[in-house]
Each structure stands twice: as structure tokens, then as C-alpha cells.
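Have a look at query.txt below; it lists compact mmCIF, C-alpha atoms and all ligand atoms.
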```txt
# COMPACT_ATOMS: atom_id res chain seq x y z
CA MET J 1 -23.57 23.09 42.85
CA ILE J 2 -19.80 23.10 43.41
CA ASP J 3 -17.39 24.10 40.64
CA VAL J 4 -16.16 21.14 38.62
CA ASN J 5 -13.76 20.84 35.75
CA ILE J 6 -15.38 19.79 32.46
CA SER J 7 -12.72 21.28 30.18
CA GLN J 8 -12.07 17.83 28.70
CA GLY J 9 -15.76 17.38 27.79
CA PHE J 10 -16.60 15.26 30.83
CA VAL J 11 -16.46 15.71 34.59
CA SER J 12 -12.91 14.87 35.59
CA ALA J 13 -13.55 14.70 39.37
CA PRO J 14 -12.02 11.64 41.07
CA ILE J 15 -14.30 8.74 42.01
CA PRO J 16 -14.30 8.13 45.80
CA ASP J 17 -12.41 4.98 46.78
CA GLY J 18 -14.40 1.84 47.46
CA ILE J 19 -17.78 2.98 46.16
CA ASP J 20 -20.01 0.57 44.26
CA LEU J 21 -20.68 2.53 41.09
CA ALA J 22 -23.85 0.63 40.17
CA VAL J 23 -25.35 1.18 43.64
CA GLU J 24 -24.42 4.88 43.67
CA ILE J 25 -25.74 5.49 40.16
CA LYS J 26 -29.07 3.90 41.12
CA ARG J 27 -29.24 6.02 44.28
CA LEU J 28 -28.52 9.29 42.44
CA LYS J 29 -30.98 8.40 39.72
CA LYS J 30 -33.77 7.95 42.25
CA GLU J 31 -32.83 11.00 44.32
CA LYS J 32 -32.85 13.28 41.26
CA ASN J 33 -35.77 11.71 39.36
CA ALA J 34 -33.34 11.02 36.53
CA ALA J 35 -33.61 8.39 33.80
CA ILE J 36 -30.72 6.71 32.02
CA LEU J 37 -31.20 5.91 28.34
CA ALA J 38 -28.65 3.67 26.65
CA HIS J 39 -28.08 2.73 23.03
CA TYR J 40 -27.31 -0.91 22.18
CA TYR J 41 -23.71 0.10 21.39
CA GLN J 42 -22.91 1.01 25.00
CA ASN J 43 -20.83 -1.31 27.15
CA GLY J 44 -22.72 -4.04 29.03
CA ALA J 45 -22.51 -2.39 32.48
CA ILE J 46 -24.16 0.79 31.16
CA GLN J 47 -26.87 -1.17 29.33
CA ASP J 48 -27.58 -3.13 32.51
CA ILE J 49 -28.05 -0.05 34.68
CA ALA J 50 -30.13 1.92 32.17
CA ASP J 51 -33.85 2.51 32.58
CA PHE J 52 -34.24 2.05 28.88
CA VAL J 53 -32.05 0.39 26.23
CA GLY J 54 -32.89 0.73 22.56
CA ASP J 55 -32.06 1.79 19.04
CA SER J 56 -32.08 5.42 17.86
CA LEU J 57 -35.82 5.46 17.15
CA ALA J 58 -36.78 3.87 20.47
CA LEU J 59 -34.52 6.27 22.39
CA ALA J 60 -36.24 9.27 20.78
CA GLN J 61 -39.70 7.77 21.39
CA TRP J 62 -38.85 7.01 25.01
CA ALA J 63 -37.37 10.48 25.63
CA ALA J 64 -40.52 12.09 24.21
CA GLN J 65 -42.77 10.38 26.76
CA THR J 66 -40.81 10.07 30.01
CA ASP J 67 -41.72 12.15 33.08
CA ALA J 68 -38.17 12.12 34.51
CA ASP J 69 -36.70 15.57 35.25
CA ILE J 70 -33.23 14.65 34.05
CA LEU J 71 -32.31 12.45 31.08
CA VAL J 72 -28.84 10.98 30.85
CA MET J 73 -28.25 9.90 27.27
CA CYS J 74 -25.66 7.15 27.09
CA GLY J 75 -25.09 7.17 23.38
CA VAL J 76 -23.65 9.81 21.09
CA HIS J 77 -24.17 13.55 20.81
CA PHE J 78 -26.93 13.54 18.17
CA MET J 79 -29.01 11.22 20.38
CA GLY J 80 -28.70 13.66 23.30
CA GLU J 81 -29.48 16.57 21.01
CA THR J 82 -32.59 14.84 19.65
CA ALA J 83 -33.77 14.17 23.23
CA LYS J 84 -33.16 17.82 24.18
CA ILE J 85 -35.08 19.07 21.14
CA LEU J 86 -37.99 16.82 22.09
CA CYS J 87 -37.82 17.76 25.80
CA PRO J 88 -36.66 21.41 25.94
CA ASP J 89 -37.70 21.78 29.59
CA LYS J 90 -35.71 18.78 30.81
CA LYS J 91 -32.06 18.69 31.67
CA VAL J 92 -30.36 16.39 29.14
CA LEU J 93 -26.93 15.16 30.17
CA VAL J 94 -24.31 13.08 28.40
CA PRO J 95 -21.41 11.34 30.17
CA ASP J 96 -18.91 12.61 27.59
CA ILE J 97 -19.69 15.45 25.20
CA ASN J 98 -16.89 14.22 22.89
CA ALA J 99 -19.04 11.24 21.91
CA GLY J 100 -19.71 12.38 18.36
CA CYS J 101 -20.50 10.41 15.20
CA SER J 102 -18.39 10.21 12.04
CA LEU J 103 -21.55 9.90 9.95
CA ALA J 104 -23.11 13.05 11.44
CA ASP J 105 -19.74 14.79 10.94
CA SER J 106 -19.73 13.81 7.26
CA CYS J 107 -22.61 16.23 6.65
CA ASN J 108 -21.87 19.85 7.37
CA ALA J 109 -25.06 21.98 7.53
CA GLU J 110 -23.76 24.76 5.25
CA ASP J 111 -22.69 22.30 2.54
CA PHE J 112 -25.96 20.40 2.89
CA ALA J 113 -27.96 23.66 2.53
CA ARG J 114 -26.04 24.40 -0.70
CA PHE J 115 -26.76 20.88 -1.99
CA ILE J 116 -30.49 21.37 -1.29
CA GLU J 117 -30.45 24.77 -3.02
CA GLN J 118 -28.88 23.17 -6.10
CA HIS J 119 -31.81 20.73 -6.31
CA PRO J 120 -35.05 22.67 -6.05
CA GLY J 121 -38.28 20.68 -5.83
CA TYR J 122 -36.74 17.82 -3.82
CA LYS J 123 -38.07 16.63 -0.46
CA VAL J 124 -35.27 16.34 2.09
CA VAL J 125 -35.02 13.19 4.20
CA SER J 126 -32.25 12.99 6.80
CA TYR J 127 -31.03 10.11 8.89
CA VAL J 128 -31.24 10.84 12.62
CA ASN J 129 -27.41 10.65 12.70
CA THR J 130 -27.15 14.37 11.92
CA SER J 131 -26.69 17.65 13.77
CA ALA J 132 -29.68 19.79 14.79
CA ALA J 133 -28.60 22.26 12.07
CA VAL J 134 -28.98 19.57 9.37
CA LYS J 135 -32.30 18.44 10.84
CA ALA J 136 -33.50 22.05 10.62
CA LEU J 137 -33.03 21.82 6.80
CA THR J 138 -35.00 18.58 6.61
CA ASP J 139 -38.61 17.64 5.81
CA VAL J 140 -38.60 14.35 7.67
CA VAL J 141 -36.05 12.54 9.81
CA VAL J 142 -35.69 8.74 9.63
CA THR J 143 -33.81 6.07 11.51
CA SER J 144 -32.68 2.71 10.23
CA THR J 145 -35.84 1.16 11.74
CA ASN J 146 -38.32 3.29 9.79
CA ALA J 147 -36.36 4.61 6.76
CA ARG J 148 -37.83 2.15 4.28
CA GLN J 149 -41.45 2.66 5.33
CA ILE J 150 -41.13 6.44 5.53
CA ILE J 151 -39.60 6.60 2.04
CA GLU J 152 -42.37 4.29 0.77
CA SER J 153 -44.96 6.68 2.25
CA PHE J 154 -43.89 9.33 -0.31
CA SER J 155 -45.61 9.22 -3.69
CA PRO J 156 -43.45 7.23 -6.19
CA ASP J 157 -42.75 10.29 -8.34
CA GLU J 158 -41.60 12.48 -5.40
CA LYS J 159 -38.01 13.61 -5.86
CA ILE J 160 -36.02 12.95 -2.69
CA ILE J 161 -32.64 14.01 -1.32
CA PHE J 162 -31.39 11.52 1.27
CA GLY J 163 -28.51 12.26 3.62
CA PRO J 164 -26.02 11.68 4.98
CA ASP J 165 -25.42 7.91 4.72
CA ARG J 166 -24.75 6.75 1.14
CA ASN J 167 -24.86 3.07 2.21
CA LEU J 168 -28.25 3.29 3.89
CA GLY J 169 -29.47 5.46 1.00
CA ASN J 170 -28.28 2.94 -1.61
CA TYR J 171 -29.87 0.12 0.36
CA ILE J 172 -33.23 1.96 0.57
CA ASN J 173 -33.03 2.75 -3.16
CA SER J 174 -32.44 -0.94 -3.91
CA VAL J 175 -35.35 -2.26 -1.80
CA THR J 176 -37.86 0.44 -2.78
CA GLY J 177 -36.87 0.93 -6.44
CA ARG J 178 -36.50 4.69 -5.78
CA ASN J 179 -33.74 6.82 -7.16
CA MET J 180 -33.08 9.15 -4.23
CA LEU J 181 -30.27 11.64 -4.62
CA LEU J 182 -27.68 10.68 -2.01
CA TRP J 183 -25.34 12.71 0.14
CA ASP J 184 -21.88 11.12 0.13
CA GLY J 185 -21.42 10.36 3.84
CA ALA J 186 -20.63 7.19 5.76
CA CYS J 187 -19.93 5.71 9.19
CA HIS J 188 -16.27 4.80 9.76
CA VAL J 189 -17.23 1.74 11.87
CA HIS J 190 -19.64 0.12 9.41
CA GLU J 191 -17.46 0.88 6.38
CA GLN J 192 -14.64 -1.12 8.00
CA PHE J 193 -16.25 -4.56 7.81
CA SER J 194 -14.41 -6.94 5.54
CA VAL J 195 -16.17 -9.11 2.94
CA GLU J 196 -13.24 -11.59 2.99
CA LYS J 197 -13.44 -12.08 6.75
CA ILE J 198 -17.20 -12.54 6.71
CA VAL J 199 -16.82 -15.12 3.91
CA GLU J 200 -14.18 -16.92 6.01
CA LEU J 201 -16.55 -16.97 9.00
CA LYS J 202 -19.37 -18.27 6.81
CA LYS J 203 -17.12 -21.14 5.68
CA LYS J 204 -16.25 -21.93 9.29
CA TYR J 205 -19.89 -21.72 10.46
CA PRO J 206 -21.95 -22.68 7.39
CA GLU J 207 -25.14 -22.88 9.45
CA ALA J 208 -24.77 -19.29 10.74
CA GLU J 209 -27.03 -16.45 9.68
CA VAL J 210 -25.36 -13.14 8.81
CA LEU J 211 -27.04 -10.10 10.41
CA ALA J 212 -25.93 -6.71 9.04
CA HIS J 213 -26.73 -3.06 9.70
CA PRO J 214 -27.65 -1.07 6.54
CA GLU J 215 -24.80 1.38 7.20
CA CYS J 216 -22.47 -1.35 5.84
CA LYS J 217 -21.28 -1.24 2.22
CA LYS J 218 -23.25 -3.07 -0.49
CA PRO J 219 -20.81 -6.04 -0.90
CA VAL J 220 -21.26 -6.76 2.83
CA LEU J 221 -25.06 -6.37 2.69
CA VAL J 222 -25.18 -8.83 -0.23
CA LEU J 223 -23.81 -11.50 2.13
CA ALA J 224 -26.46 -10.84 4.80
CA ASP J 225 -29.46 -13.03 5.60
CA LYS J 226 -31.02 -10.11 7.45
CA VAL J 227 -30.36 -6.39 7.00
CA GLY J 228 -31.82 -4.09 9.64
CA SER J 229 -31.45 -1.62 12.46
CA THR J 230 -29.96 -2.79 15.74
CA ALA J 231 -33.50 -3.38 17.09
CA ALA J 232 -34.48 -5.32 13.95
CA LEU J 233 -31.35 -7.50 14.12
CA LEU J 234 -32.00 -8.26 17.79
CA LYS J 235 -35.63 -9.15 17.08
CA HIS J 236 -34.58 -11.37 14.18
CA ALA J 237 -32.01 -13.23 16.33
CA MET J 238 -34.68 -13.82 18.98
CA LYS J 239 -37.23 -15.32 16.63
CA SER J 240 -34.91 -17.16 14.22
CA ASP J 241 -34.72 -20.94 14.47
CA LYS J 242 -30.96 -20.70 13.78
CA ASN J 243 -28.48 -20.93 16.64
CA ILE J 244 -25.40 -19.16 15.30
CA PHE J 245 -25.18 -15.60 14.03
CA ILE J 246 -22.40 -13.52 12.51
CA VAL J 247 -23.17 -9.99 13.63
CA VAL J 248 -22.04 -7.21 11.30
CA THR J 249 -22.53 -4.07 13.32
CA GLU J 250 -21.02 -2.49 16.44
CA SER J 251 -20.33 -5.30 18.87
CA GLY J 252 -22.21 -3.67 21.81
CA ILE J 253 -25.43 -5.21 20.44
CA LEU J 254 -24.09 -8.66 21.32
CA HIS J 255 -24.73 -7.93 25.01
CA GLU J 256 -28.50 -7.69 24.51
CA MET J 257 -28.50 -10.56 22.00
CA LYS J 258 -26.76 -12.90 24.45
CA LYS J 259 -29.01 -11.73 27.30
CA ASN J 260 -32.15 -12.48 25.32
CA CYS J 261 -30.85 -15.67 23.68
CA PRO J 262 -28.48 -17.30 26.20
CA ASP J 263 -28.42 -20.59 24.26
CA LYS J 264 -27.46 -19.04 20.92
CA THR J 265 -23.98 -18.12 19.68
CA PHE J 266 -23.15 -14.63 18.40
CA ILE J 267 -19.92 -13.96 16.55
CA PRO J 268 -18.91 -10.33 15.99
CA ALA J 269 -17.70 -9.73 12.43
CA PRO J 270 -14.17 -8.33 12.42
CA PRO J 271 -13.10 -5.20 10.59
CA ALA J 272 -10.71 -5.38 7.62
CA ASP J 273 -7.75 -4.38 9.78
CA SER J 274 -8.14 -6.72 12.71
CA THR J 275 -5.31 -5.06 14.60
CA CYS J 276 -7.78 -2.24 15.36
CA ALA J 277 -11.08 -2.70 17.14
CA CYS J 278 -13.10 -0.80 14.57
CA ASN J 279 -16.15 -2.91 15.16
CA GLU J 280 -16.44 -0.90 18.36
CA CYS J 281 -17.52 2.69 17.84
CA ASN J 282 -14.80 4.75 19.51
CA TYR J 283 -17.33 7.53 20.13
CA MET J 284 -19.95 5.32 21.78
CA ARG J 285 -17.25 3.72 23.91
CA LEU J 286 -16.16 7.06 25.39
CA ASN J 287 -19.00 6.62 27.89
CA THR J 288 -18.01 4.72 31.03
CA MET J 289 -19.64 3.93 34.37
CA GLU J 290 -17.26 6.41 36.06
CA LYS J 291 -18.27 9.24 33.72
CA LEU J 292 -21.94 8.29 34.11
CA TYR J 293 -21.63 8.48 37.90
CA ASN J 294 -19.99 11.93 37.76
CA THR J 295 -22.55 13.16 35.22
CA LEU J 296 -25.40 12.27 37.55
CA LEU J 297 -23.63 13.66 40.60
CA TYR J 298 -22.63 17.02 39.09
CA GLU J 299 -25.39 17.23 36.43
CA LEU J 300 -22.80 17.94 33.74
CA PRO J 301 -22.08 18.09 30.84
CA GLU J 302 -25.44 19.31 29.64
CA ILE J 303 -26.72 19.38 26.05
CA LYS J 304 -28.06 22.77 25.00
CA VAL J 305 -29.78 23.61 21.72
CA GLU J 306 -30.55 27.21 20.79
CA LYS J 307 -34.33 27.79 20.81
CA GLU J 308 -34.52 29.11 17.24
CA LEU J 309 -32.66 26.06 15.93
CA ALA J 310 -34.64 23.63 18.12
CA ASP J 311 -37.94 25.11 16.86
CA LYS J 312 -36.89 24.27 13.28
CA ALA J 313 -35.31 20.88 14.04
CA ILE J 314 -38.27 19.57 16.03
CA ARG J 315 -40.66 19.57 13.05
CA PRO J 316 -39.00 16.78 11.01
CA ILE J 317 -38.39 14.75 14.20
CA GLU J 318 -42.03 15.01 15.23
CA ARG J 319 -43.06 14.14 11.70
CA MET J 320 -40.97 10.96 11.97
CA LEU J 321 -42.54 10.09 15.33
CA GLU J 322 -46.07 10.67 13.97
CA ILE J 323 -45.48 8.51 10.87
CA SER J 324 -43.81 5.79 12.97
CA LYS J 325 -46.80 5.73 15.33
CA LYS J 326 -49.21 5.38 12.39
CA LEU J 327 -47.04 2.54 11.03
CA GLY J 328 -47.00 0.84 14.43
CA LEU J 329 -43.21 1.17 14.74
P1 LIG J 401 -29.78 2.26 15.02
O1 LIG J 401 -30.77 3.08 14.24
O2 LIG J 401 -29.87 0.82 14.69
O3 LIG J 401 -29.88 2.55 16.47
O4 LIG J 401 -28.32 2.68 14.54
C1 LIG J 401 -27.72 3.84 15.04
C2 LIG J 401 -26.31 3.93 14.68
O5 LIG J 401 -25.62 4.85 15.03
C3 LIG J 401 -25.76 2.90 13.84
O6 LIG J 401 -24.42 3.09 13.68
FE1 LIG J 402 -21.98 7.16 14.32
FE2 LIG J 402 -21.03 4.95 13.22
FE3 LIG J 402 -20.70 5.35 15.82
FE4 LIG J 402 -23.16 4.80 14.82
S1 LIG J 402 -21.38 3.44 14.86
S2 LIG J 402 -22.64 6.38 16.32
S3 LIG J 402 -23.04 5.86 12.85
S4 LIG J 402 -19.83 6.58 14.18
```

Could the structure of this file be written out as C-alpha cells, please?
Amino acid sequence: MIDVNISQGFVSAPIPDGIDLAVEIKRLKKEKNAAILAHYYQNGAIQDIADFVGDSLALAQWAAQTDADILVMCGVHFMGETAKILCPDKKVLVPDINAGCSLADSCNAEDFARFIEQHPGYKVVSYVNTSAAVKALTDVVVTSTNARQIIESFSPDEKIIFGPDRNLGNYINSVTGRNMLLWDGACHVHEQFSVEKIVELKKKYPEAEVLAHPECKKPVLVLADKVGSTAALLKHAMKSDKNIFIVVTESGILHEMKKNCPDKTFIPAPPADSTCACNECNYMRLNTMEKLYNTLLYELPEIKVEKELADKAIRPIERMLEISKKLGL
């Protein structure tokens, strides 16, 4: 393999003039027995070329069962890390290693360990949007698709610490009647949605259903007809007899919604400050077709997880996958 510069966190080699990126990516994928996994928040071109498109749970489930030699995770760092932990013998690549997550960053492993120590006797449940080091401190990992059911699978008197998303945690507390102790973290994209602007849209489109991700704040969730993970919101839009939807999550999901429901109308909810495009996750959007092409070509940058850490972090992830399988999720 020739020397390439990845000092910026992605391969910065120039793209040859005149190549068709989609054609070349497909060729490299086949040649290297690689699979491309994309989250619903990726841009449309990446979703269209991926072998698998899904939410965080589906991406982990898919990674755990594929026989590809190389996985290219088009999503954010924790998704690549989860895939690497589940498939230690595979090469797991990401188009841009800078694609982090403000929610994962809001929970530092040392601080979280101290929080757990201060509350002996609590089970620790962590959202998948966390580092491997936080997962290693956890009893069971959840995603927004299975969080409610996994929490409900604990006995009602079990004391639970839930981290890092206070909004998802509050939402699960409200629908299950639990009183989980919450870590005070949040996602900068979902916290930006504006109640006023959603109310304005509802006035303009009174027949529209509001679909919201549980990472949004409570006053936004109160306005929603359906609260759920990206996969759950997509499923709801497909089966609903309504034709207009106000979508309160990262706007990448609209690509799959429009593809599956070409006759329905999807309106992305704007953030409070509409001069910024906060309803796009700036981390997710670091991935581009150009970076994806270079990643496949040079097999860089690669996600690595220290074995000792991976051995600890895999347990709560596998526990989540086992429970999800039993629940038919
Ligand atoms: P999903 O669990 O719906 O994939 O959400 C992941 C995420 O990062 C939401 O911001
Ligand atoms: Fe993280 Fe929020 Fe981006 Fe999801 S949308 S990856 S939670 S920063």
C-alpha cells in the first residue's frame, strides 16, 4: 500500500479527473469484498450506494452478521467503533475519523465511572452513542429503537443509571413510569429544534403529523404524533394514512422517507436559529462520496479498539443484541 496523508483524519489524495465516483466505489467494493453501511443521516448519494442503510441498532446487527472482509461505516465514530468491537477480525474503515458525536462527547468515561461509583447498587444502561470506554462501564447498551423495551425488561424496583442523553432518558422515564437516574448529556442537533417553528408549521399544515426523535427536548416531544428512532419514524411514515409529515430529526432521513413514500410530503423541522443548518448533523455530514472513494481505495482511516477495552465493551453490546433478538427487534 502506498503512503498516503491522513493527517487531517481522512485521506487527502486527489480524486482522478473524470471518474464516476459511484461506478468506482462499486468496483472497489466488489474487488475488496467490502461492504458499505450507511446511517439514515448520511447524504442521499452515500445512502444510495450503501449495501445497507439503517438506524444505529440495525447497523450493529448487520455488522455482526456480514461476511465482508472490510466494513466501511458511513456514520459517526461510535458506530464504527461498535462495528469493530463486534467484528475484531475485520477491517473497519470510516471516511472521516473526525465524524464524532456531541452526545457521546458529553459523557467522559472517567466522570461517568465516578458517577457510577457514587451510586452503588445501580444497573448501568448506556445509549449506543457513547465511546467504547463508557460502554465498558455499562451493563447493557440500548439504542433509541430498543431503549423502552430493554428498560421494561428490568424488574420495576431495579435502580438504573441511564446515560448520556437526558432527553431520551426523560422520555423513557415518562413512558415507563421509571425513575432512572440520568446523566446530563444531550445532542446539539436535536436540542436545537424550535417549538415555535414547529407550531408555525402545524398551523400552516394542520393535517400534518409531527414525527420526532426522542433526543429532542420534552416541549418538542409533547407536540409529536409519533416519537421514535429514525427506523421507527420511517416505518410510521410508510404505514400512516396521512400524507404530510413534519420531521423533527436530522434531515438525512428524508431521503429514505421520500424514496419509500414518493407521493407523500416531508417537511424538515427547522432549528431555532434558521440561519444555521443545525438540523443537519455536522459530524455525519463530514462523510462525502470523495472521502468514501479514497477510504476504499487506500483502506484508511481504520478504526482500532484496544483488545482489553473491546473485551469489556462487547459484553453490554452483545447483551443488547440478544435482548433485541428475543424481542423480535
Ligand atoms: P437512531 O438510533 O435512530 O439511529 O439515532 C442515532 C442518532 O445518532 C440520533 O441522533
Ligand atoms: Fe450524535 Fe446528534 Fe449527530 Fe446523532 S445527530 S450523531 S446524536 S451529534

* To do: Show me which residues sit within 6 Å of ligand LIG 401 (chain J) when counting only C-alpha atoms and all ligand atoms, and put them as an MDAnalysis selection string.
  => chainID J and resid 55:56 143:145 229:230

Report as CSV: every residue of chain J with an atom at most 8 Å from ligand LIG 402 (chain J), its closest pair of atoms, and their distance in Å to one decimal, counting only C-alpha atoms and all ligand atoms, with rows sorted by chain and ascending residue number.
```
residue,atom,partner,partner_atom,distance
J:Tyr41,CA,J:LIG402,S1,7.7
J:Gly75,CA,J:LIG402,S2,7.5
J:Val76,CA,J:LIG402,S2,6.0
J:Gly100,CA,J:LIG402,FE1,7.0
J:Cys101,CA,J:LIG402,FE1,3.7
J:Ser102,CA,J:LIG402,S4,4.5
J:Leu103,CA,J:LIG402,FE1,5.2
J:Ala104,CA,J:LIG402,FE1,6.7
J:Asn129,CA,J:LIG402,S3,6.5
J:Ala186,CA,J:LIG402,S3,7.6
J:Cys187,CA,J:LIG402,FE2,4.2
J:His188,CA,J:LIG402,FE2,5.9
J:Val189,CA,J:LIG402,FE2,5.2
J:His190,CA,J:LIG402,FE2,6.3
J:Glu215,CA,J:LIG402,S3,7.4
J:Thr249,CA,J:LIG402,S1,7.8
J:Glu250,CA,J:LIG402,S1,6.1
J:Glu280,CA,J:LIG402,S1,7.4
J:Cys281,CA,J:LIG402,FE3,4.6
J:Asn282,CA,J:LIG402,FE3,7.0
J:Tyr283,CA,J:LIG402,FE3,5.9
J:Met284,CA,J:LIG402,FE3,6.0
```

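The protein and nucleic acid residues lying at most 7 Å from Leu211 of chain J are Ala224, Asp225, Lys226, Val227, Leu233, Phe245, Ile246, Val247 and Val248 of chain J, with all atoms listed in the file considered and sequence neighbours fewer than 3 positions away removed.
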
Dump as an mmCIF file, in the frame of the given file, selection limited to C-alpha atoms:
```cif
data_model
loop_
_atom_site.group_PDB
_atom_site.id
_atom_site.type_symbol
_atom_site.label_atom_id
_atom_site.label_comp_id
_atom_site.auth_asym_id
_atom_site.auth_seq_id
_atom_site.Cartn_x
_atom_site.Cartn_y
_atom_site.Cartn_z
ATOM 1 C CA ALA J 224 -26.460 -10.840 4.800
ATOM 2 C CA ASP J 225 -29.460 -13.030 5.600
ATOM 3 C CA LYS J 226 -31.020 -10.110 7.450
ATOM 4 C CA VAL J 227 -30.360 -6.390 7.000
ATOM 5 C CA LEU J 233 -31.350 -7.500 14.120
ATOM 6 C CA PHE J 245 -25.180 -15.600 14.030
ATOM 7 C CA ILE J 246 -22.400 -13.520 12.510
ATOM 8 C CA VAL J 247 -23.170 -9.990 13.630
ATOM 9 C CA VAL J 248 -22.040 -7.210 11.300
#
```

* To do: Just the residues within 12 Å of segment 113-119 of chain J, please, counting only C-alpha atoms, with nothing from its chain fewer than 2 positions along; format it as a ChimeraX atom specification.
  => /J:107-111,121-126,133-139,159-164,180-184

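Proximity to Ile314 of chain J was assessed for J:Ala237, J:Leu296, J:Ala232, J:Val140 counting all atoms listed in the file; the smallest distance is recorded for J:Val140.
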
* **Which residue of J:Leu254, J:His77, J:Thr66, J:Thr130 approaches Ile97 of chain J most closely, using all atoms listed in the file** => J:His77

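A straight line drawn from atom CA of Asp105 of chain J to atom CA of Asn170 of chain J is 19.3 Å long.
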
* Determine, counting only C-alpha atoms, which protein, DNA and RNA residues have an atom within 6 Å of an atom of Val141 of chain J; residues of the same chain fewer than 2 positions away are not included. Present the result as an MDAnalysis selection string. => chainID J and resid 125:128 316:317 320

* **Residue contacts of segment 218-221 of chain J (12 Å, all atoms listed in the file) excluding same-chain residues fewer than 5 positions away, as JSON, numbers by chain** => {"J": [166, 167, 168, 169, 170, 171, 172, 173, 174, 175, 190, 191, 192, 193, 194, 195, 196, 197, 198, 199, 210, 211, 212, 213, 226, 227, 228, 246, 247, 248, 249, 269, 271, 272]}

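Here atom CA of Phe78 of chain J and atom CA of Pro268 of chain J stand 25.3 Å from one another.
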
If we count only C-alpha atoms, what is near Thr295 of chain J at a cut-off of 10 Å, once residues fewer than 4 positions away on the same chain are taken out, given as a PDB file with C-alpha atoms, in the coordinates of the input?
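Done, and the output landed in out_18.pdb:
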```pdb
ATOM      1  CA  PHE J  10     -16.600  15.260  30.830  1.00  0.00           C
ATOM      2  CA  VAL J  11     -16.460  15.710  34.590  1.00  0.00           C
ATOM      3  CA  SER J  12     -12.910  14.870  35.590  1.00  0.00           C
ATOM      4  CA  ILE J  25     -25.740   5.490  40.160  1.00  0.00           C
ATOM      5  CA  VAL J  72     -28.840  10.980  30.850  1.00  0.00           C
ATOM      6  CA  LEU J  93     -26.930  15.160  30.170  1.00  0.00           C
ATOM      7  CA  VAL J  94     -24.310  13.080  28.400  1.00  0.00           C
ATOM      8  CA  PRO J  95     -21.410  11.340  30.170  1.00  0.00           C
ATOM      9  CA  ASP J  96     -18.910  12.610  27.590  1.00  0.00           C
ATOM     10  CA  MET J 289     -19.640   3.930  34.370  1.00  0.00           C
ATOM     11  CA  GLU J 290     -17.260   6.410  36.060  1.00  0.00           C
ATOM     12  CA  LYS J 291     -18.270   9.240  33.720  1.00  0.00           C
ATOM     13  CA  GLU J 299     -25.390  17.230  36.430  1.00  0.00           C
ATOM     14  CA  LEU J 300     -22.800  17.940  33.740  1.00  0.00           C
ATOM     15  CA  PRO J 301     -22.080  18.090  30.840  1.00  0.00           C
ATOM     16  CA  GLU J 302     -25.440  19.310  29.640  1.00  0.00           C
TER      17      GLU J 302
END
```

* To do: For atom CA of Ser106 of chain J and atom CA of Lys325 of chain J, determine how far apart the two atoms are, in Å to one decimal place.
  => 29.4 Å

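Among the candidate residues J:Lys326, J:Lys30, J:Lys304, J:Lys258, the one lying nearest to Lys90 of chain J is J:Lys304, with distances computed using all atoms listed in the file.
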